[in-house]
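Visitor: One structure coming up, written as C-alpha coordinates, with questions to follow.
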Amino acid sequence: MAGKLDGKRIAILATDGVEQVELTQPRDAVTAEGARAEIVSINDGAIQAMNGDIEPADTFGVDVTLDKAQVADYDALIMPGGTVNADRLRMDENARRFVQEIFRAGKPVAAICHAPWTLVEADLVRGRTLTSFPSLRTDIRNAGGTVVDEEVVTDKGLVSSRNPDDLPAFCAKIVEEFAEGKHRVHDEGATVG
(Lines give C-alpha, C1' and ligand atoms only; values in the text may rest on other atoms or scores of the structure.)
Protein backbone atom coordinates (compact mmCIF):
# COMPACT_ATOMS: atom_id res chain seq x y z
CA MET A 1 0.00 0.00 0.00
CA ALA A 2 1.43 3.35 -1.06
CA GLY A 3 1.83 6.17 1.43
CA LYS A 4 0.43 9.65 0.85
CA LEU A 5 3.96 11.11 0.91
CA ASP A 6 5.92 8.47 -1.02
CA GLY A 7 8.99 9.99 -2.63
CA LYS A 8 8.80 13.28 -0.72
CA ARG A 9 11.77 14.64 1.21
CA ILE A 10 10.94 16.72 4.29
CA ALA A 11 13.32 19.07 6.12
CA ILE A 12 12.99 19.37 9.89
CA LEU A 13 14.58 22.65 11.01
CA ALA A 14 15.84 22.19 14.58
CA THR A 15 18.75 22.84 16.92
CA ASP A 16 19.64 22.34 20.59
CA GLY A 17 16.64 22.94 22.81
CA VAL A 18 14.05 21.51 20.41
CA GLU A 19 10.97 20.12 22.15
CA GLN A 20 11.42 16.39 21.56
CA VAL A 21 7.78 15.42 21.05
CA GLU A 22 7.33 18.27 18.53
CA LEU A 23 10.21 16.83 16.51
CA THR A 24 9.42 13.11 16.80
CA GLN A 25 5.65 13.01 16.32
CA PRO A 26 5.57 15.08 13.09
CA ARG A 27 8.64 13.20 11.81
CA ASP A 28 6.95 9.87 12.53
CA ALA A 29 3.71 11.03 10.89
CA VAL A 30 5.39 11.92 7.60
CA THR A 31 7.72 8.91 7.52
CA ALA A 32 4.76 6.60 8.19
CA GLU A 33 3.29 7.95 4.94
CA GLY A 34 6.46 7.23 2.97
CA ALA A 35 8.40 10.51 3.24
CA ARG A 36 12.08 10.79 4.04
CA ALA A 37 12.69 13.27 6.88
CA GLU A 38 16.04 14.97 7.51
CA ILE A 39 17.16 17.19 10.36
CA VAL A 40 18.59 20.46 9.07
CA SER A 41 20.44 22.45 11.74
CA ILE A 42 22.88 25.24 12.49
CA ASN A 43 25.81 22.92 13.29
CA ASP A 44 26.69 19.35 12.40
CA GLY A 45 26.86 16.46 14.87
CA ALA A 46 23.84 16.01 17.12
CA ILE A 47 21.24 18.26 18.69
CA GLN A 48 19.98 17.99 22.27
CA ALA A 49 16.21 17.72 22.55
CA MET A 50 14.31 18.74 25.66
CA ASN A 51 11.11 17.80 27.45
CA GLY A 52 9.13 20.82 28.60
CA ASP A 53 12.05 23.14 27.82
CA ILE A 54 13.89 22.13 31.01
CA GLU A 55 14.62 18.39 31.08
CA PRO A 56 17.19 16.96 28.68
CA ALA A 57 15.74 14.26 26.45
CA ASP A 58 17.34 12.38 23.54
CA THR A 59 19.91 13.59 21.04
CA PHE A 60 19.31 13.46 17.29
CA GLY A 61 21.88 13.36 14.52
CA VAL A 62 21.97 16.26 12.10
CA ASP A 63 21.63 15.23 8.46
CA VAL A 64 22.69 18.51 6.87
CA THR A 65 23.76 21.94 8.10
CA LEU A 66 21.95 25.10 7.06
CA ASP A 67 24.97 26.44 5.20
CA LYS A 68 24.82 23.37 2.91
CA ALA A 69 21.05 22.75 2.78
CA GLN A 70 19.43 23.34 -0.61
CA VAL A 71 15.75 24.25 -0.70
CA ALA A 72 15.41 22.49 -4.05
CA ASP A 73 16.16 19.18 -2.29
CA TYR A 74 13.04 19.37 -0.10
CA ASP A 75 9.30 19.19 -0.70
CA ALA A 76 8.22 20.67 2.66
CA LEU A 77 9.48 21.96 6.01
CA ILE A 78 8.63 21.03 9.61
CA MET A 79 9.55 23.55 12.31
CA PRO A 80 9.24 22.09 15.83
CA GLY A 81 9.13 24.33 18.87
CA GLY A 82 11.02 24.54 22.09
CA THR A 83 11.79 28.01 23.42
CA VAL A 84 15.57 27.76 23.18
CA ASN A 85 15.42 26.03 19.78
CA ALA A 86 13.20 28.74 18.31
CA ASP A 87 15.21 31.57 19.84
CA ARG A 88 18.48 30.21 18.43
CA LEU A 89 17.02 29.62 14.98
CA ARG A 90 15.41 33.05 14.68
CA MET A 91 18.78 34.67 15.34
CA ASP A 92 20.59 32.57 12.71
CA GLU A 93 20.91 34.22 9.29
CA ASN A 94 21.06 30.86 7.48
CA ALA A 95 17.87 29.67 9.21
CA ARG A 96 16.00 32.84 8.20
CA ARG A 97 17.28 32.55 4.62
CA PHE A 98 16.30 28.88 4.42
CA VAL A 99 12.69 29.48 5.52
CA GLN A 100 12.39 32.52 3.24
CA GLU A 101 13.49 30.41 0.27
CA ILE A 102 11.05 27.63 1.21
CA PHE A 103 8.21 30.20 1.26
CA ARG A 104 9.34 31.78 -2.03
CA ALA A 105 9.21 28.33 -3.63
CA GLY A 106 5.61 27.85 -2.41
CA LYS A 107 6.51 24.71 -0.45
CA PRO A 108 4.34 23.81 2.56
CA VAL A 109 5.61 24.67 6.03
CA ALA A 110 4.47 23.32 9.41
CA ALA A 111 5.32 25.36 12.54
CA ILE A 112 4.27 24.48 16.08
CA CYS A 113 4.51 26.18 19.46
CA HIS A 114 7.48 28.63 19.50
CA ALA A 115 8.57 27.88 15.91
CA PRO A 116 6.75 30.92 14.42
CA TRP A 117 9.41 33.14 16.05
CA THR A 118 11.68 32.30 13.12
CA LEU A 119 8.88 33.17 10.69
CA VAL A 120 8.40 36.53 12.44
CA GLU A 121 12.12 37.28 12.28
CA ALA A 122 12.19 36.33 8.58
CA ASP A 123 9.19 38.62 7.80
CA LEU A 124 6.99 35.72 6.73
CA VAL A 125 3.81 36.19 8.81
CA ARG A 126 2.66 39.48 7.26
CA GLY A 127 -0.84 38.99 5.83
CA ARG A 128 -1.15 35.41 7.13
CA THR A 129 -3.38 33.83 9.76
CA LEU A 130 -1.71 31.45 12.19
CA THR A 131 -1.55 30.26 15.76
CA SER A 132 1.31 29.71 18.18
CA PHE A 133 2.25 29.37 21.81
CA PRO A 134 0.53 32.30 23.60
CA SER A 135 3.76 34.19 24.41
CA LEU A 136 4.48 34.74 20.68
CA ARG A 137 1.13 36.19 19.72
CA THR A 138 2.04 39.85 20.23
CA ASP A 139 5.18 39.34 18.12
CA ILE A 140 3.08 37.82 15.33
CA ARG A 141 0.56 40.68 15.43
CA ASN A 142 3.35 43.26 15.46
CA ALA A 143 4.84 41.56 12.38
CA GLY A 144 1.55 41.91 10.47
CA GLY A 145 0.05 38.47 11.08
CA THR A 146 -3.40 37.58 12.36
CA VAL A 147 -3.43 35.29 15.39
CA VAL A 148 -6.21 32.85 16.25
CA ASP A 149 -6.44 30.46 19.19
CA GLU A 150 -7.18 27.14 17.47
CA GLU A 151 -5.48 23.74 17.63
CA VAL A 152 -4.46 23.83 13.98
CA VAL A 153 -4.60 26.62 11.41
CA THR A 154 -3.79 26.43 7.70
CA ASP A 155 -3.10 29.46 5.51
CA LYS A 156 -1.85 28.92 1.94
CA GLY A 157 0.41 26.01 2.83
CA LEU A 158 1.43 27.24 6.30
CA VAL A 159 0.19 24.89 9.03
CA SER A 160 0.50 26.07 12.62
CA SER A 161 -0.43 24.76 16.07
CA ARG A 162 -0.13 26.00 19.65
CA ASN A 163 1.58 23.30 21.74
CA PRO A 164 2.17 19.54 22.15
CA ASP A 165 -1.50 18.96 23.04
CA ASP A 166 -2.33 19.90 19.42
CA LEU A 167 0.03 17.31 17.89
CA PRO A 168 -2.64 14.82 16.71
CA ALA A 169 -4.46 17.52 14.69
CA PHE A 170 -1.15 19.10 13.59
CA CYS A 171 0.29 15.82 12.33
CA ALA A 172 -2.88 14.89 10.43
CA LYS A 173 -3.00 18.33 8.78
CA ILE A 174 0.68 18.37 7.77
CA VAL A 175 0.33 15.01 6.03
CA GLU A 176 -2.65 16.43 4.11
CA GLU A 177 -0.88 19.70 3.19
CA PHE A 178 2.42 18.03 2.31
CA ALA A 179 0.55 15.60 0.05
CA GLU A 180 -1.01 18.58 -1.79
CA GLY A 181 2.46 19.95 -2.48
CA LYS A 182 3.36 23.43 -3.64
CA HIS A 183 1.01 26.36 -3.13
CA ARG A 184 0.79 29.65 -4.94
CA VAL A 185 3.45 31.92 -3.53
CA HIS A 186 1.95 34.35 -1.02
CA ASP A 187 2.03 38.01 -2.07
CA GLU A 188 3.38 39.22 1.28
CA GLY A 189 6.42 38.30 3.31
CA ALA A 190 7.86 35.55 1.16
CA THR A 191 8.55 37.93 -1.70
CA VAL A 192 10.11 40.66 0.46
CA GLY A 193 13.83 41.18 -0.12
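Ordering of the C-alpha coordinates sets the chain letters (A, B, ...); residue numbers start at 1 within each chain; ligands are numbered from 1 in the order shown.
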Quick one: residues within 9 Å of stretch 90-106 of chain A, only C-alpha atoms counted, chain neighbours fewer than 4 positions away excluded, as JSON, numbers by chain?
Guide: {"A": [13, 41, 42, 66, 67, 69, 70, 71, 72, 74, 75, 76, 77, 85, 86, 115, 116, 117, 118, 119, 120, 121, 122, 123, 124, 156, 157, 158, 181, 182, 183, 184, 185, 186, 189, 190, 191, 192]}
Visitor: For A:Leu130, find every residue with an atom within 8 Å (counting only C-alpha atoms), except residues of its own chain fewer than 3 positions away, and show them as a PyMOL selection string.
Guide: chain A and resi 145-148+153-155+158-161
Visitor: I need the residue nearest A:Lys8 from this list: A:Arg88, A:Lys107, A:Arg141, A:Lys68. Use only C-alpha atoms for the distance.
Guide: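 The closest residue to A:Lys8 is A:Lys107.
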Visitor: Would you list the contacts of A:Phe60 as a PyMOL selection string, taking every protein, DNA or RNA residue within 7 Å and counting only C-alpha atoms, but skipping same-chain residues closer than 2 positions in sequence?
Guide: chain A and resi 46-48+58+62
